[in-house]
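Here's the structure we're looking at; comments come further down.
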Amino acid sequence: MVVSVQEIGQRAKTAATDVAGLTITTRNDLLRQMSQALLDNQSAIMAANKEDIAAYANTLSQPMIKRLTLDQPTIKAIATSLLAVVALPDPLAGPFDTWQTHVDLKIVKRVVPLGVVAMIYEARPNVTIDAASLTLKSGNAVILRGGKEAIHSNTVLANILRDVLKDNALNPDIIQLITDTSHESVNVLLNMRDYVDVLIPRGSAKFIDFVVANATVPVIETGAGNTHIFVDQSADQEQAIAIIHNAKTQKPAVCNAAEKLLVHVAIAAEFIPKITEKLVRAHVELRGDQASHQLDPRISLASEQDWDTEYNDLIMGIKIVSDTNDAIDWINNHTTHHSETIISKSSENVAQFMNQVDAAVVYQNASSRFTDGFEFGFGAEIGISTQKLHARGPMGLPALTTIKYEVFGQGQIRE
């Protein structure tokens with residue numbers, strides 16, 4: 001029986017009260033059981049995943065297929081990630097700020113769950129588990145709406161988690177999956193203000209822009225990563241080559257992979273042929289401005305559209321810039337405010353870059369692939385926020401909470 005998106009919202013609102021009342025002991029025990037349930041059901045998960053891959057093998061790029069695939073090592077890693085969430089502190093535990101007012105009212109500023117969190121995401125079935133585990137740990141109900149490319153995988157994963165809730169005599173609607181993969185189901189979810197407290201989209205820049213433009217539910221923008229690396233004239237060039245290669249090729253289909261390379265004009269003639277050789281050997285297609293193309297014909301000419309494109313593939317744009325100011329201006333005009341990098345030994349240029357580049361995460365002499373909640377020491381993440389309100393950068397458990405003021409009196413009235 002297919003449940004309407006509206007009914008899923010209604011059920012989630014009820015379930016939010018149920019999950020908010022669970023102790024941290026219960027929440028952690030559920031996560032341990034869910035981890036084991038994933039291991040116990042590996043065969044069913046992989047069978048469903050094979051259906052998804054077979055249906056889209058000819059339409060998705062190889063990096064996207066890799067993101068979609070659930071094999072035994074991946075499932076084991078996902079199960080282990082649930083145990084990592086168990087080890088994290090309770091985000092609702094306090095201590096809380098407490099004070100007395102001038103009329104002797106006691107005020108407690110408590111941390112509480114957001115309520116109902118909705119996640120819309122594309123071909124990444126691991127997000128089903130990430131989102132469910134982090135919302136459960138933080139006392140929230142979750143509505144999951146994955147892409148059609150992973151519908152069989154997501155359905156099996158969600159049902160495994162729901163079965164654990166049922167086995168513990170708890171409301172299974174704490175975790176719900178929308179199985180309707182039509183555009184209409186998205187449109188309904190974007191406007192369920194009566195039931196959804198916050199919506200988190202994860203996917204391409206185009207997809208996230210659509211959600212932001214059409215939602216009446218509060219949205220946390222995440223994920224789109226037109227990520228730049230600027231190689232300053234003072235850079236250690238061998239270090240720069242290693243960083244660029246890692247940031248582009250280690251996992252090209254993710255939002256923290258590098259998409260654009262800016263090179264200081266003073267070192268361009270020396271550096272561009274070297275980095276081109278390294279990237280071409282790694283099967284990276286290079287698209288650049290006229291100046292970089294002239295330095296190495298293996299770099300084809302980029303279009304205007306290229307400079308604002310998140311490739312999620314083995315493609316990289318290259319541009320020569322005149323100085324740090326030029327690099328900062330270019331980045332701020334084309335960034336998606338995710339992660340930006342400078343490779344430089346100049347403390348002055350680094351300070352300027354750090355201060356003036358408008359991004360959630362700014363690096364010196366390191367790969368942008370570290371923009372990740374786990375790598376930041378948060379244990380896990382619900383997404384990477386590219387906006388400025390409520391949360392920014394990798395979002396761990398605290399980003400799934402809000403505050404409530406509890407006020408205790410003894411009959412006070414205001415004069």
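Identifiers for the structure tokens are assigned positionally: chains receive A, B, ... in sequence, residues are indexed from 1 per chain, and ligands are indexed from 1 in the order shown.
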
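Summary of the local environment: counting only C-alpha atoms, residues at most 9 Å from Val108 (chain A), other than itself and those fewer than 4 positions away along its chain, are Phe96, Asp97, Thr98, Trp99, Lys404, Tyr405, Glu406, Val407 and Phe408 of chain A.
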
Shell of 7 Å around Ile403 (chain A), only C-alpha atoms, local chain residues under 2 positions omitted, as a ChimeraX atom specification:
/A:109-112,401,405

Nearest candidate to Pro218 (chain A) (options A:Arg193, A:Arg298, A:Arg124, A:Lys13; using only C-alpha atoms):
A:Arg193

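Distance check against Ile229 (chain A) using only C-alpha atoms: of A:Asn41, A:Gln387, A:Thr23, A:Thr335, the minimum falls on A:Thr335.
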
Region 90-199 of chain A residues near region 50-70 of chain A within 10 Å, closest pair each, using only C-alpha atoms, as JSON lines:
{"residue": "A:Glu122", "atom": "CA", "partner": "A:Leu68", "partner_atom": "CA", "distance": 9.3}
{"residue": "A:Ala123", "atom": "CA", "partner": "A:Leu68", "partner_atom": "CA", "distance": 5.6}
{"residue": "A:Arg124", "atom": "CA", "partner": "A:Leu68", "partner_atom": "CA", "distance": 5.3}
{"residue": "A:Pro125", "atom": "CA", "partner": "A:Leu68", "partner_atom": "CA", "distance": 6.5}
{"residue": "A:Asn126", "atom": "CA", "partner": "A:Leu70", "partner_atom": "CA", "distance": 8.3}
{"residue": "A:Lys148", "atom": "CA", "partner": "A:Asp52", "partner_atom": "CA", "distance": 8.5}
{"residue": "A:Glu149", "atom": "CA", "partner": "A:Asp52", "partner_atom": "CA", "distance": 5.9}
{"residue": "A:Ala150", "atom": "CA", "partner": "A:Asp52", "partner_atom": "CA", "distance": 5.6}
{"residue": "A:Ile151", "atom": "CA", "partner": "A:Asp52", "partner_atom": "CA", "distance": 7.1}
{"residue": "A:His152", "atom": "CA", "partner": "A:Asp52", "partner_atom": "CA", "distance": 6.2}
{"residue": "A:Ser153", "atom": "CA", "partner": "A:Asp52", "partner_atom": "CA", "distance": 7.0}
{"residue": "A:Asn154", "atom": "CA", "partner": "A:Asp52", "partner_atom": "CA", "distance": 9.9}

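Closest approach to Gln364 (chain A) from the set A:Ala15, A:Ala240, A:Ile384, A:Ala291 is made by A:Ala240, with distances taken over only C-alpha atoms.
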
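Each of A:His390, A:Lys206, A:Lys106, A:His337 was checked against Val219 (chain A) using only C-alpha atoms; the smallest atom-to-atom distance is that of A:His390.
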
All residues 9 Å or closer to Val198 (chain A), only C-alpha atoms, same chain fewer than 4 positions away omitted, as a VMD selection string
chain A and resid 114 to 119 193 217 to 220

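Here the question is which of A:Met34, A:Ala266, A:Leu295, A:Ile8 gets nearest to Arg162 (chain A) using only C-alpha atoms, and that residue is A:Met34.
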
Fewer than 6 positions away in the same chain doesn't count, so skip those; otherwise give me all residues within 10 Å of region 179-186 of chain A, counting only C-alpha atoms, as a list of chain:residue names.
A:Val2, A:Val3, A:Ser4, A:Val5, A:Gln6, A:Ile120, A:Leu144, A:Arg145, A:Gly146, A:Gly147, A:Lys148, A:Glu149, A:Ala150, A:Ile151, A:His152, A:Asn154, A:Thr155, A:Val211, A:Asn214, A:Ala215

Take the selection from the previous step and output its residues with C-alpha atoms, as a compact mmCIF listing (two decimals), in the first residue's frame.
# COMPACT_ATOMS: atom_id res chain seq x y z
CA VAL A 2 1.42 3.36 -1.11
CA VAL A 3 1.11 6.05 1.57
CA SER A 4 0.59 9.62 0.34
CA VAL A 5 3.24 12.22 1.06
CA GLN A 6 0.68 14.20 3.05
CA ILE A 120 15.75 15.00 -0.28
CA LEU A 144 13.47 10.48 3.50
CA ARG A 145 12.97 11.08 -0.20
CA GLY A 146 15.79 9.55 -2.26
CA GLY A 147 16.21 9.58 -6.02
CA LYS A 148 14.62 7.10 -8.39
CA GLU A 149 18.07 5.67 -9.17
CA ALA A 150 18.27 4.15 -5.66
CA ILE A 151 14.63 3.38 -4.92
CA HIS A 152 15.07 -0.37 -4.39
CA ASN A 154 16.51 2.87 -0.14
CA THR A 155 13.31 0.87 0.36
CA VAL A 211 14.44 23.20 -3.80
CA ASN A 214 10.22 26.37 -4.63
CA ALA A 215 10.06 25.44 -0.94

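For Asp289 (chain A), the residues within 7 Å (counting only C-alpha atoms, excluding itself and residues fewer than 6 positions away along the chain) are Leu301, Ala302, Ile318 and Lys319 of chain A.
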
Write out the residues from the selection above, keeping N, CA and C atoms, as an mmCIF file, in the first residue's frame.
data_model
loop_
_atom_site.group_PDB
_atom_site.id
_atom_site.type_symbol
_atom_site.label_atom_id
_atom_site.label_comp_id
_atom_site.auth_asym_id
_atom_site.auth_seq_id
_atom_site.Cartn_x
_atom_site.Cartn_y
_atom_site.Cartn_z
ATOM 1 N N LEU A 301 39.571 24.487 -24.763
ATOM 2 C CA LEU A 301 39.005 25.786 -24.367
ATOM 3 C C LEU A 301 37.700 25.587 -23.607
ATOM 4 N N ALA A 302 37.585 26.251 -22.461
ATOM 5 C CA ALA A 302 36.370 26.183 -21.643
ATOM 6 C C ALA A 302 35.312 27.117 -22.201
ATOM 7 N N ILE A 318 40.675 25.153 -15.738
ATOM 8 C CA ILE A 318 41.929 25.820 -15.364
ATOM 9 C C ILE A 318 41.924 27.259 -15.862
ATOM 10 N N LYS A 319 42.318 28.178 -14.972
ATOM 11 C CA LYS A 319 42.391 29.589 -15.353
ATOM 12 C C LYS A 319 43.642 30.222 -14.748
#

Name the residues in contact with region 232-237 of chain A at a cut-off of 12 Å, using only C-alpha atoms, excluding same-chain residues fewer than 5 positions from it; report them as a PDB file with C-alpha atoms, in the first residue's frame.
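Generated output (result04.pdb):
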ATOM      1  CA  ALA A 242      49.816  16.209  -4.870  1.00  0.00           C
ATOM      2  CA  ILE A 243      46.976  18.223  -3.320  1.00  0.00           C
ATOM      3  CA  ILE A 244      45.310  18.983  -6.663  1.00  0.00           C
ATOM      4  CA  LEU A 261      42.208  25.324 -10.678  1.00  0.00           C
ATOM      5  CA  LEU A 262      43.504  28.903 -10.582  1.00  0.00           C
ATOM      6  CA  VAL A 263      47.225  29.447 -11.223  1.00  0.00           C
ATOM      7  CA  HIS A 264      49.243  32.612 -10.552  1.00  0.00           C
ATOM      8  CA  VAL A 265      50.551  34.049 -13.828  1.00  0.00           C
ATOM      9  CA  ALA A 266      54.119  34.238 -12.487  1.00  0.00           C
ATOM     10  CA  ILE A 267      54.416  30.424 -12.290  1.00  0.00           C
ATOM     11  CA  ALA A 268      51.906  29.416 -14.980  1.00  0.00           C
ATOM     12  CA  ALA A 269      54.435  28.612 -17.732  1.00  0.00           C
ATOM     13  CA  GLU A 270      56.320  26.292 -15.405  1.00  0.00           C
ATOM     14  CA  PHE A 271      53.463  24.822 -13.393  1.00  0.00           C
ATOM     15  CA  ILE A 272      50.649  24.253 -15.884  1.00  0.00           C
ATOM     16  CA  PRO A 273      52.480  21.674 -18.045  1.00  0.00           C
ATOM     17  CA  LYS A 274      53.445  19.765 -14.886  1.00  0.00           C
ATOM     18  CA  ILE A 275      49.940  19.645 -13.410  1.00  0.00           C
ATOM     19  CA  ILE A 320      45.436  31.834 -15.014  1.00  0.00           C
ATOM     20  CA  VAL A 321      45.021  34.773 -12.606  1.00  0.00           C
ATOM     21  CA  SER A 322      47.185  37.851 -12.079  1.00  0.00           C
ATOM     22  CA  ASP A 323      47.427  37.812  -8.251  1.00  0.00           C
ATOM     23  CA  THR A 324      45.652  36.943  -5.006  1.00  0.00           C
ATOM     24  CA  ASN A 325      43.097  39.742  -5.468  1.00  0.00           C
ATOM     25  CA  ASP A 326      42.219  38.398  -8.912  1.00  0.00           C
ATOM     26  CA  ALA A 327      41.855  34.865  -7.532  1.00  0.00           C
ATOM     27  CA  ILE A 328      39.614  36.019  -4.679  1.00  0.00           C
ATOM     28  CA  THR A 341      41.758  26.366  -1.129  1.00  0.00           C
ATOM     29  CA  ILE A 342      44.943  28.415  -1.409  1.00  0.00           C
ATOM     30  CA  ILE A 343      48.318  26.730  -1.828  1.00  0.00           C
ATOM     31  CA  SER A 344      50.854  29.289  -0.676  1.00  0.00           C
ATOM     32  CA  LYS A 345      53.807  29.966   1.635  1.00  0.00           C
ATOM     33  CA  SER A 346      52.926  33.664   1.924  1.00  0.00           C
ATOM     34  CA  SER A 347      51.304  34.377   5.295  1.00  0.00           C
ATOM     35  CA  GLU A 348      50.042  37.702   3.953  1.00  0.00           C
ATOM     36  CA  ASN A 349      48.336  36.142   0.920  1.00  0.00           C
ATOM     37  CA  VAL A 350      46.922  33.313   3.015  1.00  0.00           C
ATOM     38  CA  PHE A 353      42.423  34.661   1.164  1.00  0.00           C
ATOM     39  CA  GLN A 364      45.671  26.489   3.165  1.00  0.00           C
ATOM     40  CA  ASN A 365      47.917  23.767   1.735  1.00  0.00           C
ATOM     41  CA  ALA A 366      45.450  20.885   2.125  1.00  0.00           C
TER      42      ALA A 366
END

Counting only C-alpha atoms, figure out which residue out of A:Asp306, A:Asp313, A:Asp29, A:Asp194 gets nearest to Arg11 (chain A).
A:Asp194
